[in-house]
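Visitor: Can you read through this structure? Questions will come right after.
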Amino acid sequence: MTQRRMEHIEILSPGKNLEYAKEAIRCGADSIYIGAPKFSLRHEQGNSMEDIKALVEYAHRYWAKVYIPLNCLLFTDEDINLAKQMINEFYEMGVDGLIVQDIGILEIDLPPIPIILSTNAMCFTKEDAQFFEKCGVSRIVLPRELTFEEIRDITENSNVEIETFCYGFLCVGYSGNCYLSYIENLKKTQSSDKAHYLASNHGVCPERCMGNWTLKDNNGNIIRENDRLFNLRFLSLDKEIERLVDIGVDSFKIAGREKDLKHVKNSTAIFSEIANKLAEKKGLKRLSSGRTILGFKPDLSKNFNKGFTDFFFNGRKKEMYSKYHLVGTNVGIVEEYNDNSFILNSDITLNIGDKLRYQKDKKQVQSITITDIKDGRYIAEGIKDDITGLELYRYTDVKGFKEVEESINYRVISVELDIKEQNDKYKVTAIDEDRNKIETITDKGSTKYSADELQKCLYKPDINCEFITDKVNSEKELFIDNPEALINQVFELLRKERAKNRPIKRIQIEKNNYPYYKKELTYLANVTNNSTKSFYERHGVEKIEPGLETGITLEGKRVFSSRYCLRNELGLCSKTNPENMPPLPWHLEQLENGNKFKAEFDCKRCSMYLYCEDEGK
């Protein structure tokens, strides 16, 4: 059993683009993950090499890190060669790590850059973690579906860094083993060579799972019709970070490279505040430097959400978000209702554009929108009932959204100046919060300052400057004509000193023959190229089935895997309600594209699988 010694807490935020990434750093991110021009699992969120280089230079001012997801499956030698070329370029520009799904990348000759195993690589167990640690992987991003005990089993039995998701969008299926978009495009193109580049494992996902489904039993009876059966709530482990720190989790990842700027600002600020409190409580440090000066008050209600869940972290429960559930913040009780207007008994003020939900007599949940406010009454569209006495829940807070979107935020590194006379000049010593130290000489002037007056003069937060002067020490009054020129000179010297002293992790993967704990791999291992095949063969795997997206037949193949179970969600589990069980197997139709699937349930593993009913042809 491994006893982990934690030193740092890392909040890892999404960078949709250069602007969003910089804002995340200003709001407290210790590190950023930002998509490459190609092979990123968010196809629409690729970034130019020039922007990535600019971000690296900006982030490194704060000793923050930049990780690049190259986490698509690769299919050809050309894919592998292009990935290798990009990796070398990222290494040269100082990128701090690569997030990869395709294990074939470990088989190529790499520069000494840390390799992070993507959640799509499906590392579920301590055996997985131990193996990839032996192969030189620096960090593993764990699947969102794991429980606290499963995470602890991994952290206690490995030394590799562990990263967990703490907030954001949830995929209902196992990342890496969802082939729904591949099947949809296989039908359109009739070519696996085209379809696998249009699939979720290559960063193209139409998110059909969140659309509308009809569910029938084996006799054709409808269980649910035109329902968003797989549209889960958002993940939030804001109450669980301390427990994860205590068992040795190194990094906490916020999902959302495709989300808007307020999502990035607000969620980063929330989890940065949590990390600050824990760091102080446990005697730890943040991974990066500086503190935030925020122009808004962080609150989860200021992000769009579908309600929150800890998923399976504390065990299985009903997690489905659909038209049957209330979500958002309770804003009060309706005191009086009349003709699409109401008076709210609450200290909370609603605004035009706010969206709310209510439920009457356990019927279907209804959504309403505030359209006007007159004489203390809220006028809304969408009200279908007399809502007198009902609680309202706000899931879109227009004013809160706007506050975050328009906020100006600063990230500042504390600097202390010590100024002493030296031969009719001043010797200025500057020390930052990381104990980086510089010295410089400046002329005396005629404008008089006390130490406190000079500090106040220099205390000017600026989004283009990472430093702030928090303290000036001097035994005598100071005579300085141009404080701005002096501090610019000091800051420039500090930048150079910080660049020289910035902690850099460089790890060279050395190939070995450490045996993999499995001798056979099925199509679910996603072996889609010769490099990946060679890697597993070198590690003793004797039988390797090609990945599903290489064009193998779909007959009898699992095309979707999930720990989420419709039988449990709908109260039709054979363990808890066997007398009301509709006959199996069940059948699902995805209404947006017409694809049909057979649903099977593995009660031993408490999992759900889908199979194509028409073999994807």
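Quick note on naming: the chains in the structure tokens go A, B, ... in the order shown, residues restart at 1 in each chain, and ligands are numbered from 1 in order of appearance.
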Using DSSP assignments from the backbone, pull out every residue in segment 220-374 of chain A that falls under alpha helix (DSSP H) and give it to me as a PDB file with N, CA and C atoms, in the first residue's frame.
Guide:
ATOM      1  N   ILE A 241     -13.777  17.500  -2.309  1.00  0.00           N
ATOM      2  CA  ILE A 241     -12.376  17.731  -2.651  1.00  0.00           C
ATOM      3  C   ILE A 241     -11.445  17.358  -1.495  1.00  0.00           C
ATOM      4  N   GLU A 242     -11.835  17.684  -0.273  1.00  0.00           N
ATOM      5  CA  GLU A 242     -10.967  17.370   0.869  1.00  0.00           C
ATOM      6  C   GLU A 242     -10.752  15.868   1.004  1.00  0.00           C
ATOM      7  N   ARG A 243     -11.791  15.078   0.844  1.00  0.00           N
ATOM      8  CA  ARG A 243     -11.641  13.623   0.924  1.00  0.00           C
ATOM      9  C   ARG A 243     -10.685  13.113  -0.149  1.00  0.00           C
ATOM     10  N   LEU A 244     -10.761  13.700  -1.325  1.00  0.00           N
ATOM     11  CA  LEU A 244      -9.883  13.270  -2.414  1.00  0.00           C
ATOM     12  C   LEU A 244      -8.443  13.713  -2.175  1.00  0.00           C
ATOM     13  N   VAL A 245      -8.263  14.902  -1.634  1.00  0.00           N
ATOM     14  CA  VAL A 245      -6.911  15.344  -1.270  1.00  0.00           C
ATOM     15  C   VAL A 245      -6.319  14.403  -0.228  1.00  0.00           C
ATOM     16  N   ASP A 246      -7.147  13.994   0.725  1.00  0.00           N
ATOM     17  CA  ASP A 246      -6.667  13.138   1.815  1.00  0.00           C
ATOM     18  C   ASP A 246      -6.200  11.766   1.333  1.00  0.00           C
ATOM     19  N   LEU A 261     -17.720  31.392 -21.661  1.00  0.00           N
ATOM     20  CA  LEU A 261     -16.711  32.002 -20.813  1.00  0.00           C
ATOM     21  C   LEU A 261     -17.145  32.063 -19.357  1.00  0.00           C
ATOM     22  N   LYS A 262     -18.427  32.300 -19.101  1.00  0.00           N
ATOM     23  CA  LYS A 262     -18.860  32.369 -17.701  1.00  0.00           C
ATOM     24  C   LYS A 262     -18.689  31.022 -17.007  1.00  0.00           C
ATOM     25  N   HIS A 263     -18.877  29.941 -17.744  1.00  0.00           N
ATOM     26  CA  HIS A 263     -18.640  28.603 -17.176  1.00  0.00           C
ATOM     27  C   HIS A 263     -17.193  28.481 -16.718  1.00  0.00           C
ATOM     28  N   VAL A 264     -16.269  28.926 -17.557  1.00  0.00           N
ATOM     29  CA  VAL A 264     -14.843  28.816 -17.242  1.00  0.00           C
ATOM     30  C   VAL A 264     -14.488  29.707 -16.055  1.00  0.00           C
ATOM     31  N   LYS A 265     -14.901  30.972 -16.099  1.00  0.00           N
ATOM     32  CA  LYS A 265     -14.571  31.908 -15.022  1.00  0.00           C
ATOM     33  C   LYS A 265     -15.141  31.437 -13.683  1.00  0.00           C
ATOM     34  N   ASN A 266     -16.431  31.164 -13.668  1.00  0.00           N
ATOM     35  CA  ASN A 266     -17.138  30.891 -12.421  1.00  0.00           C
ATOM     36  C   ASN A 266     -16.686  29.574 -11.790  1.00  0.00           C
ATOM     37  N   SER A 267     -16.640  28.517 -12.577  1.00  0.00           N
ATOM     38  CA  SER A 267     -16.262  27.217 -12.016  1.00  0.00           C
ATOM     39  C   SER A 267     -14.807  27.223 -11.553  1.00  0.00           C
ATOM     40  N   THR A 268     -13.925  27.882 -12.313  1.00  0.00           N
ATOM     41  CA  THR A 268     -12.528  27.973 -11.896  1.00  0.00           C
ATOM     42  C   THR A 268     -12.414  28.710 -10.570  1.00  0.00           C
ATOM     43  N   ALA A 269     -13.104  29.833 -10.445  1.00  0.00           N
ATOM     44  CA  ALA A 269     -13.038  30.622  -9.210  1.00  0.00           C
ATOM     45  C   ALA A 269     -13.580  29.840  -8.018  1.00  0.00           C
ATOM     46  N   ILE A 270     -14.651  29.092  -8.225  1.00  0.00           N
ATOM     47  CA  ILE A 270     -15.246  28.304  -7.134  1.00  0.00           C
ATOM     48  C   ILE A 270     -14.256  27.270  -6.616  1.00  0.00           C
ATOM     49  N   PHE A 271     -13.676  26.502  -7.515  1.00  0.00           N
ATOM     50  CA  PHE A 271     -12.789  25.427  -7.076  1.00  0.00           C
ATOM     51  C   PHE A 271     -11.423  25.965  -6.645  1.00  0.00           C
ATOM     52  N   SER A 272     -11.033  27.123  -7.136  1.00  0.00           N
ATOM     53  CA  SER A 272      -9.817  27.759  -6.653  1.00  0.00           C
ATOM     54  C   SER A 272      -9.985  28.180  -5.193  1.00  0.00           C
ATOM     55  N   GLU A 273     -11.143  28.717  -4.849  1.00  0.00           N
ATOM     56  CA  GLU A 273     -11.406  29.093  -3.459  1.00  0.00           C
ATOM     57  C   GLU A 273     -11.378  27.863  -2.553  1.00  0.00           C
ATOM     58  N   ILE A 274     -11.963  26.756  -3.019  1.00  0.00           N
ATOM     59  CA  ILE A 274     -11.943  25.520  -2.241  1.00  0.00           C
ATOM     60  C   ILE A 274     -10.504  25.059  -2.025  1.00  0.00           C
ATOM     61  N   ALA A 275      -9.708  25.114  -3.095  1.00  0.00           N
ATOM     62  CA  ALA A 275      -8.308  24.685  -3.004  1.00  0.00           C
ATOM     63  C   ALA A 275      -7.516  25.578  -2.055  1.00  0.00           C
ATOM     64  N   ASN A 276      -7.783  26.873  -2.073  1.00  0.00           N
ATOM     65  CA  ASN A 276      -7.076  27.786  -1.172  1.00  0.00           C
ATOM     66  C   ASN A 276      -7.344  27.446   0.292  1.00  0.00           C
ATOM     67  N   LYS A 277      -8.596  27.186   0.607  1.00  0.00           N
ATOM     68  CA  LYS A 277      -8.957  26.859   1.990  1.00  0.00           C
ATOM     69  C   LYS A 277      -8.320  25.539   2.433  1.00  0.00           C
ATOM     70  N   LEU A 278      -8.312  24.566   1.535  1.00  0.00           N
ATOM     71  CA  LEU A 278      -7.705  23.282   1.877  1.00  0.00           C
ATOM     72  C   LEU A 278      -6.193  23.386   2.010  1.00  0.00           C
ATOM     73  N   ALA A 279      -5.585  24.171   1.133  1.00  0.00           N
ATOM     74  CA  ALA A 279      -4.136  24.347   1.209  1.00  0.00           C
ATOM     75  C   ALA A 279      -3.742  24.961   2.550  1.00  0.00           C
ATOM     76  N   GLU A 280      -4.498  25.953   2.978  1.00  0.00           N
ATOM     77  CA  GLU A 280      -4.211  26.592   4.266  1.00  0.00           C
ATOM     78  C   GLU A 280      -4.449  25.624   5.424  1.00  0.00           C
ATOM     79  N   LYS A 281      -5.528  24.865   5.338  1.00  0.00           N
ATOM     80  CA  LYS A 281      -5.878  23.936   6.406  1.00  0.00           C
ATOM     81  C   LYS A 281      -4.864  22.816   6.558  1.00  0.00           C
ATOM     82  N   LYS A 282      -4.320  22.328   5.434  1.00  0.00           N
ATOM     83  CA  LYS A 282      -3.483  21.133   5.454  1.00  0.00           C
ATOM     84  C   LYS A 282      -2.005  21.412   5.239  1.00  0.00           C
TER      85      LYS A 282
END
Visitor: Quick one: everything within 9 Å of Glu484 of chain A, counting only C-alpha atoms, minus sequence neighbours fewer than 5 positions away in the same chain. Send it as number ranges by chain.
Guide: A: 457-458, 489
Visitor: When distances are computed from only C-alpha atoms, which of A:Asn231, A:Asn482, A:Asn185, A:Asn201 shows the smallest separation from Phe39 of chain A?
Guide: A:Asn201
Visitor: When DSSP works through the backbone of this structure, what residues of segment 324-475 of chain A end up as strand (DSSP E or B), shown as a PyMOL selection string?
Guide: chain A and resi 329-338+341-345+355-358+366-374+377-381+391-396+410-422+425-432+437-443+448-449+462+465+467-473
Visitor: Between atom CA of Gly256 of chain A and atom CA of Ser607 of chain A, what is the spacing in Å?
Guide: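 So the two atoms, atom CA of Ser607 of chain A and atom CA of Gly256 of chain A, lie 26.0 Å apart.
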Visitor: Need the shell around Ser175 of chain A: protein/DNA/RNA residues with any atom at most 9 Å away, counting only C-alpha atoms. Skip same-chain ones fewer than 4 positions apart. Format as a list in words?
Guide: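 These residues fall inside the cut-off: Thr119, Asn120, Ala121, Met122, Pro143, Arg144, Cys171, Ser200, Asn201 and Ser561 of chain A.
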Visitor: Using Å and a single decimal, report how far atom CA of Leu82 of chain A sits from atom CA of Val66 of chain A.
Guide: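 Between atom CA of Val66 of chain A and atom CA of Leu82 of chain A the gap works out to 20.5 Å.
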Visitor: So, counting only C-alpha atoms, which residue among A:Tyr609, A:Phe601, A:Phe90, A:Phe169 is closest to Tyr67 of chain A?
Guide: A:Phe90
Visitor: In Å, how far is it from atom CA of Ile504 of chain A to atom CA of His60 of chain A?
Guide: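 Between atom CA of Ile504 of chain A and atom CA of His60 of chain A the gap works out to 10.0 Å.
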Visitor: Which residue, A:Leu74, A:Gln422, A:Ser414, A:Pro69, has the smallest gap to Asp193 of chain A when you use only C-alpha atoms?
Guide: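 Once distances to Asp193 of chain A are computed over only C-alpha atoms, the minimum belongs to A:Leu74.
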Visitor: Got a sec: who's within 10 Å of segment 219-224 of chain A, counting only C-alpha atoms, leaving out chain neighbours fewer than 2 positions off, as a PyMOL selection string?
Guide: chain A and resi 213-217+226-229+570+582-588
Visitor: Please build the interface table for segment 417-473 of chain A against segment 389-409 of chain A with a cut-off of 10 Å, listing for each qualifying residue the nearest atom pair and the distance in Å to one decimal; count only C-alpha atoms, order rows by chain and increasing number, and write it as a tab-separated table.
Guide:
residue	atom	partner	partner_atom	distance
A:Pro461	CA	A:Asn409	CA	9.2
A:Asp462	CA	A:Asn409	CA	9.1
A:Ile463	CA	A:Asn409	CA	7.3
Visitor: Could you write out that same residue set with C-alpha atoms as a compact mmCIF listing (two decimals), in the first residue's frame?
Guide:
# COMPACT_ATOMS: atom_id res chain seq x y z
CA PRO A 461 -3.80 45.68 -10.54
CA ASP A 462 -3.40 45.28 -14.29
CA ILE A 463 -4.49 42.29 -16.37
Visitor: If you take only C-alpha atoms and a cut-off of 12 Å, which residues of segment 351-386 of chain A touch segment 294-318 of chain A, and what are their nearest atom pairs and distances in Å to one decimal, in chain and number order, as a tab-separated table?
Guide:
residue	atom	partner	partner_atom	distance
A:Asp354	CA	A:Phe304	CA	11.3
A:Lys355	CA	A:Phe304	CA	10.6
A:Leu356	CA	A:Lys306	CA	11.8
A:Arg357	CA	A:Lys306	CA	11.5
Visitor: For the residues in that selection, give me C-alpha atoms as a compact mmCIF listing (two decimals), in the first residue's frame.
Guide:
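Okay, this is what ended up in selection_13.txt:
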# COMPACT_ATOMS: atom_id res chain seq x y z
CA ASP A 354 -34.83 34.23 -15.67
CA LYS A 355 -36.00 30.65 -16.24
CA LEU A 356 -37.68 28.70 -13.45
CA ARG A 357 -39.33 25.35 -12.81
Visitor: Using only C-alpha atoms, what does the table of segment 99-207 of chain A residues within 7 Å of segment 41-53 of chain A look like, with each row giving the shortest atom pair and its distance in Å to one decimal, sorted by chain and ascending number, as CSV?
Guide:
residue,atom,partner,partner_atom,distance
A:Asn201,CA,A:Leu41,CA,6.8
A:His202,CA,A:Leu41,CA,5.8
A:Gly203,CA,A:Leu41,CA,3.6
A:Val204,CA,A:His43,CA,5.6
Visitor: Include C-alpha atoms and write out the residues we just selected as a compact mmCIF listing (two decimals), in the first residue's frame.
Guide:
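Once written, part30.txt looks like this:
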# COMPACT_ATOMS: atom_id res chain seq x y z
CA ASN A 201 -13.36 8.93 -30.28
CA HIS A 202 -12.07 11.40 -32.86
CA GLY A 203 -13.63 14.46 -31.26
CA VAL A 204 -16.86 14.65 -33.27
Visitor: In terms of the shortest atom-to-atom distance over only C-alpha atoms, which of A:Leu12, A:Ile370, A:Ala21, A:Val100 is closest to Asp260 of chain A?
Guide: A:Ala21
Visitor: Could you check which of A:Pro578, A:Ser562, A:Ile419, A:Gly211 is closest to Leu591 of chain A, using only C-alpha atoms?
Guide: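 Selected residue with least distance to Leu591 of chain A: A:Gly211.
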Visitor: Would you kindly return, as a PyMOL selection string, each protein, DNA or RNA residue with an atom no farther than 7 Å from any atom of segment 165-168 of chain A, considering only C-alpha atoms and excluding same-chain residues fewer than 3 positions away?
Guide: chain A and resi 144+234-238+252-256
Visitor: Which one is closest to Phe479 of chain A: A:Arg411, A:Lys543, A:Lys444, A:His325? Count only C-alpha atoms.
Guide: A:Lys444
Visitor: With a distance cut-off of 10 Å and only C-alpha atoms, select the neighbouring residues of Asp30 of chain A, excluding the residue or stretch itself and same-chain residues fewer than 3 positions from it, and output the selection as a ChimeraX atom specification.
Guide: /A:9-13,24-27,59,62-66,251-252,268,272,286-290
